[in-house]
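Here's data.json, which has JSON, C-alpha atoms:
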[["chain", "number", "residue", "atom", "x", "y", "z"],
["Y", 5, "MET", "CA", -21.93, -23.72, 19.82],
["Y", 6, "ILE", "CA", -20.72, -24.84, 16.37],
["Y", 7, "THR", "CA", -19.16, -28.30, 16.52],
["Y", 8, "LYS", "CA", -18.52, -29.05, 12.85],
["Y", 9, "VAL", "CA", -18.64, -27.35, 9.45],
["Y", 10, "ASN", "CA", -19.52, -29.52, 6.45],
["Y", 11, "PRO", "CA", -19.54, -28.58, 2.74],
["Y", 12, "ASP", "CA", -23.35, -28.32, 2.78],
["Y", 13, "SER", "CA", -24.28, -27.90, 6.45],
["Y", 14, "VAL", "CA", -23.25, -26.61, 9.87],
["Y", 15, "GLU", "CA", -23.59, -28.79, 12.97],
["Y", 16, "ILE", "CA", -24.51, -27.12, 16.27],
["Y", 17, "LYS", "CA", -24.27, -28.73, 19.68],
["Y", 18, "ASP", "CA", -27.60, -30.20, 20.87],
["Y", 19, "GLN", "CA", -29.39, -28.87, 17.76],
["Y", 20, "ASP", "CA", -30.27, -30.10, 14.29],
["Y", 21, "PRO", "CA", -27.74, -29.32, 11.52],
["Y", 22, "ILE", "CA", -28.38, -26.19, 9.45],
["Y", 23, "ALA", "CA", -28.27, -26.79, 5.69],
["Y", 24, "THR", "CA", -26.15, -24.12, 3.97],
["Y", 25, "ASN", "CA", -23.39, -23.72, 1.42],
["Y", 26, "THR", "CA", -22.25, -20.40, 2.86],
["Y", 27, "LEU", "CA", -20.87, -19.76, 6.34],
["Y", 28, "ILE", "CA", -20.08, -16.28, 7.63],
["Y", 29, "TRP", "CA", -18.08, -16.51, 10.84],
["Y", 30, "THR", "CA", -18.92, -13.69, 13.29],
["Y", 31, "ALA", "CA", -17.79, -15.26, 16.55],
["Y", 32, "GLY", "CA", -15.09, -12.67, 17.20],
["Y", 33, "VAL", "CA", -11.50, -13.10, 18.34],
["Y", 34, "LYS", "CA", -10.34, -15.00, 21.41],
["Y", 35, "THR", "CA", -6.86, -14.70, 22.86],
["Y", 36, "ASN", "CA", -4.32, -17.49, 22.73],
["Y", 37, "HIS", "CA", -4.94, -20.09, 25.44],
["Y", 38, "ILE", "CA", -1.39, -19.53, 26.71],
["Y", 39, "ALA", "CA", -2.57, -16.21, 28.18],
["Y", 40, "ASP", "CA", -4.71, -18.17, 30.65],
["Y", 41, "SER", "CA", -1.57, -19.38, 32.40],
["Y", 42, "PHE", "CA", -0.21, -15.90, 33.13],
["Y", 43, "GLY", "CA", -2.37, -15.36, 36.19],
["Y", 44, "ILE", "CA", -3.50, -11.95, 34.96],
["Y", 45, "GLU", "CA", -7.13, -10.88, 35.24],
["Y", 46, "THR", "CA", -8.99, -11.47, 32.00],
["Y", 47, "GLY", "CA", -11.97, -9.82, 30.38],
["Y", 48, "ARG", "CA", -14.19, -10.65, 27.44],
["Y", 49, "GLY", "CA", -12.71, -13.25, 25.11],
["Y", 50, "GLY", "CA", -9.86, -13.96, 27.51],
["Y", 51, "ARG", "CA", -8.24, -10.57, 26.91],
["Y", 52, "LEU", "CA", -5.83, -9.42, 29.61],
["Y", 53, "VAL", "CA", -7.11, -6.47, 31.65],
["Y", 54, "THR", "CA", -4.86, -3.39, 31.78],
["Y", 55, "ASN", "CA", -4.84, 0.00, 33.43],
["Y", 56, "GLN", "CA", -4.83, 3.31, 31.56],
["Y", 57, "TYR", "CA", -1.09, 2.92, 30.86],
["Y", 58, "LEU", "CA", -1.58, -0.59, 29.38],
["Y", 59, "GLN", "CA", 0.15, -2.17, 32.36],
["Y", 60, "ALA", "CA", -1.24, -5.58, 33.31],
["Y", 61, "LYS", "CA", -3.72, -5.12, 36.15],
["Y", 62, "GLY", "CA", -2.21, -6.26, 39.43],
["Y", 63, "TYR", "CA", 1.32, -6.21, 38.02],
["Y", 64, "GLU", "CA", 1.86, -2.48, 37.65],
["Y", 65, "ASP", "CA", 5.02, -2.60, 39.75],
["Y", 66, "LYS", "CA", 6.59, -5.28, 37.53],
["Y", 67, "SER", "CA", 6.51, -3.30, 34.28],
["Y", 68, "ILE", "CA", 4.37, -5.88, 32.48],
["Y", 69, "TYR", "CA", 2.59, -4.37, 29.49],
["Y", 70, "VAL", "CA", -0.06, -5.79, 27.18],
["Y", 71, "ALA", "CA", -0.84, -4.75, 23.60],
["Y", 72, "GLY", "CA", -2.53, -6.16, 20.53],
["Y", 73, "ASP", "CA", -5.33, -8.73, 20.37],
["Y", 74, "ASP", "CA", -4.54, -9.98, 23.90],
["Y", 75, "ALA", "CA", -5.08, -6.56, 25.47],
["Y", 76, "ASN", "CA", -8.37, -5.55, 27.07],
["Y", 77, "ALA", "CA", -7.33, -1.93, 26.53],
["Y", 78, "THR", "CA", -9.79, 0.63, 27.89],
["Y", 79, "GLU", "CA", -9.47, 4.40, 27.80],
["Y", 80, "GLU", "CA", -9.86, 6.00, 31.22],
["Y", 81, "GLY", "CA", -13.55, 6.60, 31.87],
["Y", 82, "ALA", "CA", -14.74, 4.31, 29.06],
["Y", 83, "GLU", "CA", -17.01, 1.36, 29.76],
["Y", 84, "ARG", "CA", -15.91, -0.94, 26.94],
["Y", 85, "ALA", "CA", -12.52, -2.02, 25.68],
["Y", 86, "VAL", "CA", -11.40, -0.93, 22.24],
["Y", 87, "PRO", "CA", -11.89, -3.40, 19.36],
["Y", 88, "GLN", "CA", -9.10, -5.74, 18.30],
["Y", 89, "THR", "CA", -8.02, -3.98, 15.13],
["Y", 90, "ALA", "CA", -4.71, -3.09, 13.53],
["Y", 91, "GLN", "CA", -5.06, 0.66, 14.11],
["Y", 92, "GLU", "CA", -5.76, 0.11, 17.82],
["Y", 93, "ALA", "CA", -2.77, -2.25, 18.03],
["Y", 94, "GLU", "CA", -0.52, 0.40, 16.46],
["Y", 95, "ASN", "CA", -1.80, 2.98, 18.95],
["Y", 96, "GLU", "CA", -1.20, 0.56, 21.83],
["Y", 97, "ALA", "CA", 2.33, -0.13, 20.57],
["Y", 98, "ILE", "CA", 3.16, 3.59, 20.77],
["Y", 99, "VAL", "CA", 1.84, 3.80, 24.34],
["Y", 100, "VAL", "CA", 3.64, 0.63, 25.47],
["Y", 101, "SER", "CA", 6.99, 1.59, 23.90],
["Y", 102, "THR", "CA", 6.80, 5.09, 25.42],
["Y", 103, "ASN", "CA", 5.99, 3.76, 28.88],
["Y", 104, "MET", "CA", 8.67, 1.07, 28.70],
["Y", 105, "ALA", "CA", 11.19, 3.79, 27.90],
["Y", 106, "ALA", "CA", 9.91, 5.73, 30.93],
["Y", 107, "ASP", "CA", 10.48, 2.65, 33.11],
["Y", 108, "ILE", "CA", 14.03, 2.28, 31.83],
["Y", 109, "GLU", "CA", 14.76, 5.94, 32.48],
["Y", 110, "GLY", "CA", 13.00, 5.84, 35.84],
["Y", 111, "SER", "CA", 11.01, 8.97, 34.99],
["Y", 112, "GLN", "CA", 7.50, 7.63, 35.69],
["Y", 113, "ASN", "CA", 6.34, 9.98, 32.94],
["Y", 114, "TYR", "CA", 3.77, 7.56, 31.54],
["Y", 115, "MET", "CA", 1.59, 8.12, 28.49],
["Y", 116, "PRO", "CA", -2.09, 7.25, 29.08],
["Y", 117, "PHE", "CA", -3.88, 5.20, 26.45],
["Y", 118, "LYS", "CA", -6.34, 7.16, 24.31],
["Y", 119, "ASP", "CA", -8.71, 5.59, 21.81],
["Y", 120, "LYS", "CA", -7.84, 7.02, 18.39],
["Y", 121, "ASN", "CA", -10.15, 4.95, 16.26],
["Y", 122, "MET", "CA", -10.43, 6.62, 12.86],
["Y", 123, "GLY", "CA", -13.20, 4.31, 11.65],
["Y", 124, "PHE", "CA", -13.55, 1.11, 9.66],
["Y", 125, "THR", "CA", -13.51, 0.18, 6.00],
["Y", 126, "VAL", "CA", -14.51, -3.26, 4.71],
["Y", 127, "SER", "CA", -14.68, -4.34, 1.07],
["Y", 128, "PHE", "CA", -16.96, -7.03, -0.34],
["Y", 129, "GLY", "CA", -15.34, -8.00, -3.60],
["Y", 130, "ALA", "CA", -13.88, -5.43, -5.95],
["Y", 131, "TYR", "CA", -16.77, -2.99, -6.31],
["Y", 132, "TYR", "CA", -18.71, -2.78, -3.06],
["Y", 133, "GLY", "CA", -17.73, -1.88, 0.48],
["Y", 134, "ILE", "CA", -18.93, -0.35, 3.72],
["Y", 135, "ALA", "CA", -17.18, 2.22, 5.88],
["Y", 136, "GLN", "CA", -17.68, 4.15, 9.07],
["Y", 137, "VAL", "CA", -15.47, 7.22, 9.02],
["Y", 138, "PHE", "CA", -15.37, 10.93, 9.84],
["Y", 139, "GLY", "CA", -16.65, 10.57, 13.38],
["Y", 140, "GLY", "CA", -19.19, 7.83, 12.71],
["Y", 141, "LYS", "CA", -20.48, 8.77, 9.26],
["Y", 142, "ARG", "CA", -21.51, 5.62, 7.39],
["Y", 143, "VAL", "CA", -20.68, 5.16, 3.73],
["Y", 144, "ARG", "CA", -21.36, 2.22, 1.46],
["Y", 145, "GLY", "CA", -20.86, 1.17, -2.11],
["Y", 146, "TRP", "CA", -18.11, 2.17, -4.52],
["Y", 147, "ILE", "CA", -16.99, 5.17, -2.45],
["Y", 148, "ALA", "CA", -16.39, 2.95, 0.59],
["Y", 149, "THR", "CA", -14.10, 0.71, -1.48],
["Y", 150, "ILE", "CA", -12.16, 3.76, -2.64],
["Y", 151, "MET", "CA", -11.78, 4.80, 1.01],
["Y", 152, "LYS", "CA", -10.39, 1.39, 1.89],
["Y", 153, "HIS", "CA", -7.74, 1.61, -0.83],
["Y", 154, "PHE", "CA", -6.92, 5.17, 0.23],
["Y", 155, "THR", "CA", -6.53, 4.01, 3.84],
["Y", 156, "ASN", "CA", -4.16, 1.22, 2.81],
["Y", 157, "ILE", "CA", -2.05, 3.59, 0.70],
["Y", 158, "MET", "CA", -1.89, 6.07, 3.57],
["Y", 159, "TYR", "CA", -0.66, 3.25, 5.82],
["Y", 160, "PHE", "CA", 2.27, 2.53, 3.49],
["Y", 161, "MET", "CA", 3.06, 6.24, 3.39],
["Y", 162, "ARG", "CA", 2.98, 6.41, 7.18],
["Y", 163, "ILE", "CA", 5.51, 3.58, 7.55],
["Y", 164, "HIS", "CA", 7.63, 5.15, 4.77],
["Y", 165, "SER", "CA", 7.42, 2.11, 2.50],
["Y", 166, "GLY", "CA", 7.33, 3.47, -1.03],
["Y", 167, "TYR", "CA", 8.27, 0.06, -2.43],
["Y", 168, "PHE", "CA", 5.26, -1.77, -0.97],
["Y", 169, "MET", "CA", 2.95, 1.16, -1.73],
["Y", 170, "PHE", "CA", 4.03, 0.90, -5.37],
["Y", 171, "LYS", "CA", 3.51, -2.88, -5.33],
["Y", 172, "TYR", "CA", 0.07, -2.44, -3.73],
["Y", 173, "ILE", "CA", -1.04, 0.00, -6.44],
["Y", 174, "LEU", "CA", 0.18, -2.35, -9.16],
["Y", 175, "GLU", "CA", -1.48, -5.45, -7.72],
["Y", 176, "GLU", "CA", -4.77, -3.79, -6.74],
["Y", 177, "PHE", "CA", -5.40, -1.54, -9.75],
["Y", 178, "PHE", "CA", -3.36, -2.69, -12.74],
["Y", 179, "ARG", "CA", -2.29, -6.34, -12.54],
["Y", 180, "VAL", "CA", -5.76, -7.75, -11.90],
["Y", 181, "LYS", "CA", -7.51, -10.34, -14.06],
["Y", 182, "ASN", "CA", -11.07, -10.05, -15.36],
["Y", 183, "GLY", "CA", -11.34, -6.37, -14.52],
["Y", 184, "ARG", "CA", -11.83, -7.08, -10.81],
["Y", 185, "THR", "CA", -10.65, -3.67, -9.65],
["Y", 186, "VAL", "CA", -12.60, -0.75, -8.28],
["Y", 187, "PHE", "CA", -12.17, 0.90, -11.71],
["Y", 188, "GLY", "CA", -12.99, -2.22, -13.71],
["Y", 189, "TYR", "CA", -11.17, -2.72, -17.02],
["Y", 190, "ASN", "CA", -10.30, 0.99, -17.18],
["Y", 191, "THR", "CA", -7.07, 0.35, -15.25],
["Y", 192, "SER", "CA", -6.58, -3.42, -15.51],
["Y", 193, "LYS", "CA", -6.93, -3.88, -19.26],
["Y", 194, "ARG", "CA", -3.53, -5.08, -20.44],
["Y", 195, "SER", "CA", -2.83, -4.53, -24.12],
["Y", 196, "ASN", "CA", 0.15, -5.44, -26.28],
["Y", 197, "VAL", "CA", 2.78, -2.68, -26.03],
["Y", 198, "LEU", "CA", 4.14, -3.82, -29.39],
["Y", 199, "TRP", "CA", 1.92, -1.21, -31.04],
["Y", 200, "SER", "CA", 3.76, 1.52, -29.11],
["Y", 201, "VAL", "CA", 7.17, 0.55, -30.53],
["Y", 202, "PRO", "CA", 6.92, 2.61, -33.78],
["Y", 203, "LEU", "CA", 5.89, 5.68, -31.78],
["Y", 204, "ARG", "CA", 8.74, 5.07, -29.32],
["Y", 205, "LEU", "CA", 11.32, 4.79, -32.10],
["Y", 206, "PHE", "CA", 9.99, 7.92, -33.84],
["Y", 207, "PHE", "CA", 9.88, 9.99, -30.65],
["Y", 208, "GLY", "CA", 13.31, 8.87, -29.48],
["Y", 209, "LEU", "CA", 14.85, 9.62, -32.87],
["Y", 210, "ALA", "CA", 13.13, 13.03, -33.03],
["Y", 211, "LEU", "CA", 14.51, 14.02, -29.63],
["Y", 212, "PHE", "CA", 17.98, 12.75, -30.54],
["Y", 213, "LEU", "CA", 18.18, 14.63, -33.85],
["Y", 214, "ASP", "CA", 16.74, 17.82, -32.34],
["Y", 215, "GLY", "CA", 19.29, 17.60, -29.54],
["Y", 216, "MET", "CA", 22.14, 17.23, -32.02],
["Y", 217, "ALA", "CA", 20.87, 20.28, -33.90],
["Y", 218, "ASN", "CA", 20.74, 22.22, -30.63],
["Y", 219, "ILE", "CA", 24.30, 21.23, -29.71],
["Y", 220, "ASN", "CA", 25.60, 22.33, -33.11],
["Y", 221, "ASN", "CA", 23.74, 25.67, -32.87],
["Y", 222, "TYR", "CA", 21.23, 24.78, -35.57],
["Y", 223, "VAL", "CA", 17.54, 25.59, -35.30],
["Y", 224, "SER", "CA", 15.82, 23.51, -32.60],
["Y", 225, "PHE", "CA", 12.15, 22.78, -33.11],
["Y", 226, "LEU", "CA", 11.39, 21.10, -29.77],
["Y", 227, "VAL", "CA", 13.23, 22.86, -26.96],
["Y", 228, "THR", "CA", 14.60, 26.29, -26.16],
["Y", 229, "ASP", "CA", 17.89, 26.86, -27.99],
["Y", 230, "HIS", "CA", 20.67, 25.95, -25.57],
["Y", 231, "PRO", "CA", 23.58, 23.50, -26.00],
["Y", 232, "GLY", "CA", 23.05, 22.13, -22.49],
["Y", 233, "LEU", "CA", 19.44, 21.25, -23.25],
["Y", 234, "GLY", "CA", 20.63, 19.67, -26.47],
["Y", 235, "ILE", "CA", 22.74, 17.21, -24.48],
["Y", 236, "VAL", "CA", 19.71, 16.38, -22.33],
["Y", 237, "GLU", "CA", 17.66, 15.81, -25.49],
["Y", 238, "VAL", "CA", 20.28, 13.48, -26.94],
["Y", 239, "ILE", "CA", 20.41, 11.41, -23.74],
["Y", 240, "LEU", "CA", 16.62, 11.20, -23.37],
["Y", 241, "GLY", "CA", 16.15, 10.46, -27.06],
["Y", 242, "GLY", "CA", 18.70, 7.66, -26.92],
["Y", 243, "LEU", "CA", 17.11, 6.11, -23.84],
["Y", 244, "ILE", "CA", 13.63, 6.22, -25.39],
["Y", 245, "PHE", "CA", 14.82, 4.92, -28.77],
["Y", 246, "PHE", "CA", 16.61, 1.92, -27.27],
["Y", 247, "GLY", "CA", 13.89, 1.34, -24.66],
["Y", 248, "LEU", "CA", 16.03, 1.77, -21.55],
["Y", 249, "PHE", "CA", 14.54, 3.52, -18.50],
["Y", 250, "THR", "CA", 11.65, 4.36, -20.84],
["Y", 251, "TRP", "CA", 9.24, 5.39, -18.11],
["Y", 252, "LEU", "CA", 11.74, 7.68, -16.39],
["Y", 253, "ALA", "CA", 12.95, 9.17, -19.67],
["Y", 254, "ASN", "CA", 9.41, 10.12, -20.71],
["Y", 255, "LEU", "CA", 8.76, 11.51, -17.24],
["Y", 256, "ALA", "CA", 11.80, 13.74, -17.74],
["Y", 257, "VAL", "CA", 10.35, 14.94, -21.07],
["Y", 258, "ILE", "CA", 7.10, 15.83, -19.29],
["Y", 259, "CYS", "CA", 9.08, 17.77, -16.68],
["Y", 260, "LEU", "CA", 10.91, 19.68, -19.42],
["Y", 261, "PHE", "CA", 7.55, 20.66, -20.88],
["Y", 262, "PHE", "CA", 6.13, 21.99, -17.62],
["Y", 263, "PHE", "CA", 9.38, 23.76, -16.75],
["Y", 264, "GLY", "CA", 8.95, 25.77, -19.94],
["Y", 265, "MET", "CA", 11.91, 24.26, -21.78],
["Y", 266, "LEU", "CA", 9.73, 22.75, -24.49],
["Y", 267, "THR", "CA", 7.93, 25.17, -26.79],
["Y", 268, "TRP", "CA", 4.13, 25.41, -26.78],
["Y", 269, "THR", "CA", 4.10, 24.69, -30.51],
["Y", 270, "THR", "CA", 5.30, 21.17, -29.67],
["Y", 271, "THR", "CA", 2.57, 20.34, -27.17],
["Y", 272, "TRP", "CA", 2.23, 16.95, -28.90],
["Y", 273, "THR", "CA", 5.46, 15.85, -27.18],
["Y", 274, "LEU", "CA", 3.67, 15.97, -23.81],
["Y", 275, "PHE", "CA", 0.97, 13.55, -24.91],
["Y", 276, "VAL", "CA", 3.42, 11.26, -26.70],
["Y", 277, "ALA", "CA", 5.53, 11.06, -23.54],
["Y", 278, "ILE", "CA", 2.45, 10.19, -21.48],
["Y", 279, "ALA", "CA", 1.42, 7.50, -23.99],
["Y", 280, "LEU", "CA", 4.89, 5.91, -23.92],
["Y", 281, "MET", "CA", 4.81, 5.50, -20.13],
["Y", 282, "ASN", "CA", 2.86, 2.26, -20.69],
["Y", 283, "GLY", "CA", 5.95, 0.05, -20.58],
["Y", 284, "ALA", "CA", 6.79, 0.56, -24.26],
["Y", 285, "GLY", "CA", 10.44, -0.25, -23.56],
["Y", 286, "ARG", "CA", 9.59, -3.87, -22.76],
["Y", 287, "SER", "CA", 8.79, -4.64, -26.38],
["Y", 288, "PHE", "CA", 11.91, -4.72, -28.55],
["Y", 289, "GLY", "CA", 13.68, -2.58, -25.97],
["Y", 290, "LEU", "CA", 16.34, -3.00, -23.29],
["Y", 291, "ASP", "CA", 13.73, -2.70, -20.54],
["Y", 292, "TYR", "CA", 12.63, -6.22, -21.48],
["Y", 293, "TRP", "CA", 15.74, -7.53, -19.72],
["Y", 294, "PHE", "CA", 16.82, -4.66, -17.50],
["Y", 295, "VAL", "CA", 13.63, -3.85, -15.55],
["Y", 296, "PRO", "CA", 13.01, -7.43, -14.27],
["Y", 297, "TRP", "CA", 16.67, -7.71, -13.28],
["Y", 298, "LEU", "CA", 16.53, -4.36, -11.49],
["Y", 299, "GLN", "CA", 13.36, -5.37, -9.62],
["Y", 300, "ARG", "CA", 14.91, -8.62, -8.42],
["Y", 301, "THR", "CA", 18.25, -7.09, -7.48],
["Y", 302, "TRP", "CA", 17.02, -3.85, -5.91],
["Y", 303, "GLY", "CA", 14.18, -5.55, -4.06],
["Y", 304, "LYS", "CA", 16.55, -8.04, -2.42],
["Y", 305, "ALA", "CA", 19.16, -5.39, -1.66],
["Y", 306, "ARG", "CA", 16.62, -3.04, -0.08],
["Y", 307, "TYR", "CA", 14.36, -5.44, 1.83],
["Y", 308, "GLY", "CA", 16.17, -8.79, 1.83],
["Y", 309, "VAL", "CA", 14.78, -12.13, 0.71],
["Y", 310, "PRO", "CA", 11.35, -12.95, 2.23],
["Y", 311, "GLN", "CA", 11.37, -16.37, 3.87],
["Y", 312, "SER", "CA", 8.84, -18.36, 5.84],
["Y", 313, "ILE", "CA", 9.60, -18.75, 9.55],
["Y", 314, "TYR", "CA", 7.22, -21.67, 9.98],
["Y", 315, "LYS", "CA", 8.49, -25.17, 10.77],
["Y", 316, "LYS", "CA", 12.02, -24.04, 11.50]]

Encoded form using structure tokens:
Amino acid sequence: MITKVNPDSVEIKDQDPIATNTLIWTAGVKTNHIADSFGIETGRGGRLVTNQYLQAKGYEDKSIYVAGDDANATEEGAERAVPQTAQEAENEAIVVSTNMAADIEGSQNYMPFKDKNMGFTVSFGAYYGIAQVFGGKRVRGWIATIMKHFTNIMYFMRIHSGYFMFKYILEEFFRVKNGRTVFGYNTSKRSNVLWSVPLRLFFGLALFLDGMANINNYVSFLVTDHPGLGIVEVILGGLIFFGLFTWLANLAVICLFFFGMLTWTTTWTLFVAIALMNGAGRSFGLDYWFVPWLQRTWGKARYGVPQSIYKK
């Protein structure tokens, strides 16, 4: 039993201290001591024993359910309880909510708990990880780290949180110091977008002038001759030139190319639009002020202001 952890040693009850600068804690998870006062049968680590419907054992008639780290959830016929992980907790939450609804309706149509463990992924730093997926197949190294990121992104997609998925991708792949991402400096290298400003001004002006020519029935060199497309060109060119909604405006140019509205002789516009999606509008452009304001305003309007609930 560990009694004390020092900067250079670990003290163990009735044994000599172990000299070490590194401690890896593998003692597992124990339930909150409050659970001991419930009078419910407990299993390993103080977890509350349940039946196949996640009802507390001995209290099935009182509609008491247990889920999460406190639950000693066991699939019918299994010998061991499922591990205390987030994916098991989510699965337990579905079972508990379904069965609580059945109690309220008086239908007794309970959903039995089924272990749906899809595997594990653990990363050690930015480049190395281990995983057990696809029915027990073990993977390690760079691929395992990729799997972990993919799993996290899939989680945000499953809870329909595009905002936090976008933030996760930014913080894990792009806004990382010292190249500590799974792709190294290939995605996290941040360069000065000032050098993109001349290209942005040229491209925006070219789209604007070509759009004006299209509107006035002159020869258009970039898009299919049509006054309506000329108006679109003028708008996109103006946005790119002044650096407002630069990323979205260049995305629209790319869409025009693939929809066949840009001629194949102007394939260069596709690659210019891709190059200008690097935040070029934040250097001598309106995006320098508008994008941060939009992030603050839209983020608060959509998700509220995050606040700590501790010590209140």

* Identify which of the residues Y:Ala90, Y:Leu58, Y:Ala82, Y:Val238 lies closest to Thr102 (chain Y), counting all atoms listed in the file when measuring atom-to-atom distances. =>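 Looking at the shortest contact to Thr102 (chain Y), the residue is Y:Leu58.
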
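Interatomic distance, CA of Gly43 (chain Y) to CA of Asn55 (chain Y): 15.8 Å.
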
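From CA of Thr7 (chain Y) back to CA of Gln19 (chain Y), the distance works out to 10.3 Å.
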
* Asked: Which residues come within 10 Å of Arg142 (chain Y), counting all atoms listed in the file, excluding same-chain residues fewer than 5 positions away, as a ChimeraX atom specification?
  -> /Y:123-125,134-137,148

* Closest to Ala77 (chain Y) among Y:Phe170, Y:Tyr63, Y:Tyr222, Y:Tyr57, using all atoms listed in the file? -> Y:Tyr57

* Go through Y:Met122, Y:Met281, Y:Ile44, Y:Met5 one by one, measure the shortest atom-to-atom distance of each to Thr155 (chain Y) using all atoms listed in the file, and give the residue with the smallest value. =>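 Checking each candidate against Thr155 (chain Y), we get Y:Met122 as the closest.
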
* To do: Using all atoms listed in the file, find the one residue out of Y:Ala75, Y:Met115, Y:Ala23, Y:Ala210 that sits nearest to Lys61 (chain Y).
  =>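 For Lys61 (chain Y), the nearest of the given residues is Y:Ala75.
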
* **Of the listed residues Y:Leu252, Y:Ile157, Y:Leu280, Y:Ile98, that which approaches Met169 (chain Y) most closely, counting all atoms listed in the file** => Y:Ile157

* CA of Phe207 (chain Y) and CA of Leu290 (chain Y) are how many Å apart? ->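 CA of Leu290 (chain Y) lies 16.3 Å from CA of Phe207 (chain Y).
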